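Q: My structure is stored as protein06.cif, with mmCIF, C-alpha atoms.
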```cif
data_work
loop_
_atom_site.label_atom_id
_atom_site.label_comp_id
_atom_site.auth_asym_id
_atom_site.auth_seq_id
_atom_site.Cartn_x
_atom_site.Cartn_y
_atom_site.Cartn_z
CA ASP R 95 2.05 15.85 -8.38
CA ARG R 96 2.95 18.31 -5.64
CA ASN R 97 0.75 20.94 -7.30
CA ALA R 98 -2.30 18.74 -6.80
CA PHE R 99 -1.44 16.90 -3.58
CA GLU R 100 0.12 17.68 -0.24
CA VAL R 101 1.60 14.38 0.91
CA HIS R 102 1.80 13.44 4.59
CA VAL R 103 3.33 10.13 5.69
CA ALA R 104 2.44 8.19 8.82
CA CYS R 105 4.61 5.35 10.09
CA PHE R 106 4.97 3.12 13.12
CA HIS R 107 8.68 3.70 13.64
CA ARG R 108 11.13 6.15 12.07
CA ARG R 109 13.98 3.91 11.05
CA GLY R 110 15.21 2.12 7.99
CA PRO R 111 16.49 3.08 4.56
CA LEU R 112 13.31 4.78 3.34
CA GLU R 113 13.16 7.37 6.13
CA SER R 114 15.82 9.63 4.64
CA LEU R 115 14.28 9.22 1.19
CA VAL R 116 10.85 10.36 2.42
CA ALA R 117 11.67 12.90 5.13
CA GLY R 118 12.61 15.84 2.91
CA ARG R 119 9.95 15.24 0.28
CA VAL R 120 6.69 15.28 2.24
CA ALA R 121 4.69 17.92 4.09
CA SER R 122 4.96 15.95 7.32
CA LEU R 123 6.19 12.63 8.66
CA ALA R 124 4.25 11.51 11.74
CA THR R 125 5.08 8.54 13.94
CA PHE R 126 2.49 6.37 15.70
CA PRO R 127 4.63 3.79 17.53
CA ILE R 128 3.02 0.49 18.39
CA GLU R 129 4.50 -2.68 19.82
CA GLY R 130 1.58 -5.00 19.05
CA PHE R 131 -2.15 -4.84 18.55
CA GLY R 132 -3.01 -6.39 21.91
CA ARG R 133 -1.65 -3.50 23.97
CA PRO R 134 -3.65 -0.57 25.41
CA ALA R 135 -1.00 1.86 24.11
CA THR R 136 -1.92 0.81 20.57
CA VAL R 137 -5.50 1.99 21.09
CA ARG R 138 -4.15 5.39 22.15
CA GLN R 139 -2.02 5.55 19.00
CA TRP R 140 -5.04 4.54 16.92
CA PHE R 141 -7.05 7.48 18.30
CA ARG R 142 -4.01 9.77 17.84
CA PHE R 143 -3.85 8.75 14.17
CA ALA R 144 -7.58 9.44 13.69
CA ARG R 145 -7.17 12.86 15.34
CA TRP R 146 -4.09 13.60 13.19
CA CYS R 147 -6.11 12.78 10.06
CA ARG R 148 -8.83 15.24 11.14
CA ASP R 149 -6.36 17.93 12.26
CA ILE R 150 -4.54 18.11 8.93
CA ASN R 151 -7.70 17.42 6.88
CA VAL R 152 -6.52 14.18 5.31
CA ARG R 153 -8.67 13.36 2.27
CA ILE R 154 -7.03 10.09 1.17
CA VAL R 155 -5.43 7.32 3.23
CA HIS R 156 -3.56 4.61 1.36
CA THR R 157 -2.16 1.80 3.49
CA CYS R 158 0.51 -0.56 2.22
CA GLU R 159 0.52 -3.87 4.13
CA LEU R 160 -1.21 -5.98 6.79
CA TYR R 161 -0.25 -3.96 9.88
CA ALA R 162 -0.94 -0.62 8.20
CA ASN R 163 -4.26 -1.95 6.86
CA ILE R 164 -5.35 -3.12 10.32
CA PHE R 165 -4.27 0.11 12.02
CA GLY R 166 -4.93 2.78 9.40
CA LEU R 167 -8.12 1.86 7.57
CA PRO R 168 -10.49 1.71 10.57
CA ALA R 169 -8.91 4.80 12.17
CA ALA R 170 -9.25 6.71 8.88
CA ALA R 171 -12.92 5.67 8.76
CA LEU R 172 -13.37 6.93 12.31
CA ALA R 173 -11.78 10.23 11.25
CA GLY R 174 -14.14 10.53 8.29
CA VAL R 175 -11.40 10.39 5.64
CA ASP R 176 -13.07 10.64 2.21
CA VAL R 177 -11.09 7.91 0.41
CA ARG R 178 -9.58 4.84 2.09
CA ILE R 179 -7.43 2.47 0.04
CA GLY R 180 -6.00 -0.78 1.38
CA ASN R 181 -3.46 -3.08 -0.23
CA ARG R 182 -2.93 -6.80 -0.65
CA ARG R 183 0.49 -7.64 -2.03
CA GLU R 184 0.72 -11.25 -0.99
CA LEU R 185 -1.16 -14.48 -0.74
CA ILE R 186 -1.62 -16.16 2.61
CA THR R 187 1.80 -16.73 4.08
CA PRO R 188 2.85 -18.82 7.05
CA ASP R 189 4.12 -15.77 8.97
CA LYS R 190 0.58 -14.38 9.40
CA THR R 191 -1.74 -15.76 12.07
CA ARG R 192 -5.42 -16.50 11.51
CA GLY R 193 -6.19 -13.66 13.90
CA GLN R 194 -4.11 -11.18 11.90
CA LEU R 195 -5.81 -12.19 8.67
CA ARG R 196 -9.22 -11.93 10.34
CA CYS R 197 -8.39 -8.42 11.57
CA GLN R 198 -7.23 -7.46 8.09
CA ARG R 199 -10.52 -8.69 6.59
CA LEU R 200 -12.38 -6.51 9.10
CA ALA R 201 -10.16 -3.57 8.18
CA TYR R 202 -10.90 -4.08 4.48
CA ALA R 203 -14.58 -3.57 5.30
CA THR R 204 -13.73 0.06 6.13
CA ALA R 205 -11.86 0.59 2.83
CA HIS R 206 -13.43 1.98 -0.31
CA VAL R 207 -10.96 0.07 -2.50
CA VAL R 208 -8.42 -2.70 -1.94
CA VAL R 209 -5.56 -2.87 -4.43
CA ALA R 210 -4.20 -6.32 -5.27
CA ASN R 211 -0.87 -6.74 -7.05
CA SER R 212 -1.93 -9.83 -9.01
CA THR R 213 -4.97 -11.74 -10.16
CA ALA R 214 -4.07 -14.41 -7.56
CA ALA R 215 -4.11 -11.80 -4.75
CA ALA R 216 -7.45 -10.48 -6.07
CA ALA R 217 -8.87 -14.02 -6.06
CA GLN R 218 -7.67 -14.46 -2.47
CA LEU R 219 -9.43 -11.22 -1.48
CA ARG R 220 -12.68 -12.48 -3.03
CA ARG R 221 -12.32 -15.80 -1.14
CA GLU R 222 -11.89 -13.76 2.07
CA GLY R 223 -15.16 -11.96 1.42
CA VAL R 224 -13.99 -8.65 -0.06
CA PRO R 225 -16.63 -7.65 -2.62
CA ALA R 226 -15.35 -7.74 -6.22
CA ARG R 227 -16.56 -4.13 -6.70
CA LYS R 228 -13.94 -3.00 -4.15
CA ILE R 229 -10.97 -4.82 -5.70
CA ARG R 230 -8.60 -3.23 -8.21
CA ILE R 231 -5.56 -4.96 -9.70
CA VAL R 232 -2.34 -3.00 -10.19
CA SER R 233 0.13 -5.65 -11.26
CA ASN R 234 3.80 -5.62 -10.42
CA GLY R 235 6.05 -4.93 -13.35
CA VAL R 236 5.85 -2.92 -16.51
CA ASP R 237 3.66 -3.45 -19.56
CA CYS R 238 6.38 -3.68 -22.21
CA ALA R 239 3.86 -3.21 -25.04
CA ALA R 240 3.17 0.31 -23.77
CA PHE R 241 6.83 1.17 -24.43
CA ALA R 242 7.28 -0.57 -27.80
CA PRO R 243 9.14 1.60 -30.29
CA ALA R 244 6.96 3.31 -32.87
CA ARG R 245 7.51 2.15 -36.43
CA LEU R 246 8.23 4.97 -38.79
CA PRO R 247 6.79 4.63 -42.32
CA GLY R 248 9.36 3.35 -44.81
CA ARG R 249 12.04 2.71 -42.17
CA PRO R 250 12.16 -0.87 -40.91
CA ILE R 251 13.54 -1.46 -37.46
CA ARG R 252 16.75 -3.48 -37.59
CA ALA R 253 17.18 -6.32 -35.16
CA SER R 254 20.65 -6.63 -33.71
CA THR R 255 22.39 -9.92 -34.23
CA ILE R 256 23.90 -11.71 -31.27
CA ARG R 257 26.61 -14.17 -32.16
CA SER R 258 27.32 -17.02 -29.86
CA THR R 259 30.92 -18.10 -29.55
CA GLY R 260 30.10 -21.00 -27.30
CA PRO R 261 30.54 -21.31 -23.56
CA ARG R 262 33.24 -19.30 -21.87
CA SER R 263 35.25 -20.45 -18.92
#
```
Once you've parsed the file, please lay out its structure as structure tokens.
A:
Amino acid sequence: DRNAFEVHVACFHRRGPLESLVAGRVASLATFPIEGFGRPATVRQWFRFARWCRDINVRIVHTCELYANIFGLPAAALAGVDVRIGNRRELITPDKTRGQLRCQRLAYATAHVVVANSTAAAAQLRREGVPARKIRIVSNGVDCAAFAPARLPGRPIRASTIRSTGPRS
């Protein structure tokens, strides 16, 4: 709701199919380029992000994946951002190192809430030490029951009939 929120987007690199989709629809699009967490330049970008949050009076930071969680949540805490939301959209995968997962767990400690996309992801967060009070589940998909057609009194809903003619070649 653009009447209630002024949206600012931060990213590591401005490239990819979503850039053009976002660029014209947000108040600002800031870039904080990093090439890895073990580099001194990343620390400078981390402080730049915290300063940017303070300068534009960011009230909510919502990160979307491991790298954004590790970078954004602690920097937003440093900046004094009022609401910090992390995300967990996967279970442990072989492409993540133990060090990355450890850093993400530390980043979650600076979040007010961590959103999981499934009960399995929420269970993984609890196993990793994220307190249950911080975890919220927003499942992928749509609750079809919420969009069920209303039945009108006296008018039954007709089911369509699908006739099978057998396999086609």
Q: Would you kindly translate the PyMOL selection byres ((chain R and resi 143) around 8) into the concrete residues it picks from this file, as a PyMOL selection string?
A: chain R and resi 126+139-142+144-147+166+169-170
Q: Which residues would end up in the selection if the PyMOL selection byres ((chain R and resi 180) around 6) were applied here, given that I need the answer as a PyMOL selection string?
A: chain R and resi 156-157+163+179+181+208
Q: Translate the PyMOL selection byres ((chain R and resi 130) around 12) into a concrete residue list for this structure, as a PyMOL selection string.
A: chain R and resi 106+126-129+131-137+139-140+161-162+164-165+194
Q: Excluding R:Phe99 and its own-chain neighbours fewer than 4 positions away, which residues fall within 12 Å of it when counting only C-alpha atoms? Please give them as an MDAnalysis selection string.
A: chainID R and resid 95 120:121 152:154
Q: Let's have the selection written as a tab-separated table (two decimals), in the frame of the given file, with C-alpha atoms.
A:
```tsv
chain	number	residue	atom	x	y	z
R	95	ASP	CA	2.05	15.85	-8.38
R	120	VAL	CA	6.69	15.28	2.24
R	121	ALA	CA	4.69	17.92	4.09
R	152	VAL	CA	-6.52	14.18	5.31
R	153	ARG	CA	-8.67	13.36	2.27
R	154	ILE	CA	-7.03	10.09	1.17
```
Q: Determine the nearest neighbour of R:Val207 from the options R:Arg230, R:Arg109, R:Arg182, R:Arg119, counting only C-alpha atoms.
A: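 Smallest distance to R:Val207 is found for R:Arg230.
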Q: Need to verify the contact set: R:Thr125, 8 Å, all atoms listed in the file, exclusion of same-chain residues closer than 6 positions in sequence. Can you return it as a list in words?
A: Ala104, Cys105, Phe106, His107 and Arg108 of chain R
Q: As an exercise, work out the distance from atom CA of R:Asp189 to atom CA of R:Val209 in Å and give it to one decimal place.
A: 21.0 Å
Q: R:His102, R:Arg96, R:Arg227, R:Arg178: which is nearest R:Tyr202, counting only C-alpha atoms?
A: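 Under the stated criterion, the closest residue is R:Arg178.
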Q: R:Ala203, R:Ala210, R:Leu195, R:Val101: which is nearest R:Cys158, counting all atoms listed in the file?
A: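 Closest to R:Cys158 of all the choices is R:Ala210.
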Q: Tell me, in Å to one decimal, how far atom CA of R:Arg192 is from atom CA of R:Asn211.
A: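 Separation of atom CA of R:Arg192 and atom CA of R:Asn211: 21.5 Å.
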Q: Could you please determine the separation between atom CA of R:Asp176 and atom CA of R:Ile150 in Å, to one decimal place?
A: 13.2 Å
Q: Starting from the point (-7.5, -11.1, -3.4), work out which residues of protein, DNA or RNA have an atom no more than 10 Å away when counting only C-alpha atoms; state them as a PyMOL selection string.
A: chain R and resi 181-186+208-226+229-231
Q: Quick one: what's the axis-aligned box for stretch 204-217 of chain R, all listed atoms, 4 Å on every side, centre and edges in Å to one decimal, as lines of an AutoDock Vina configuration file?
A:
```
center_x = -7.3
center_y = -6.2
center_z = -2.0
size_x = 20.9
size_y = 24.4
size_z = 24.3
```
Q: R:Leu167: which residues within 7 Å, counting all atoms listed in the file, same-chain residues fewer than 5 positions away excluded, as a list in words?
A: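 Listing them by chain and then by number gives Arg178, Ala201, Thr204 and Ala205 of chain R.
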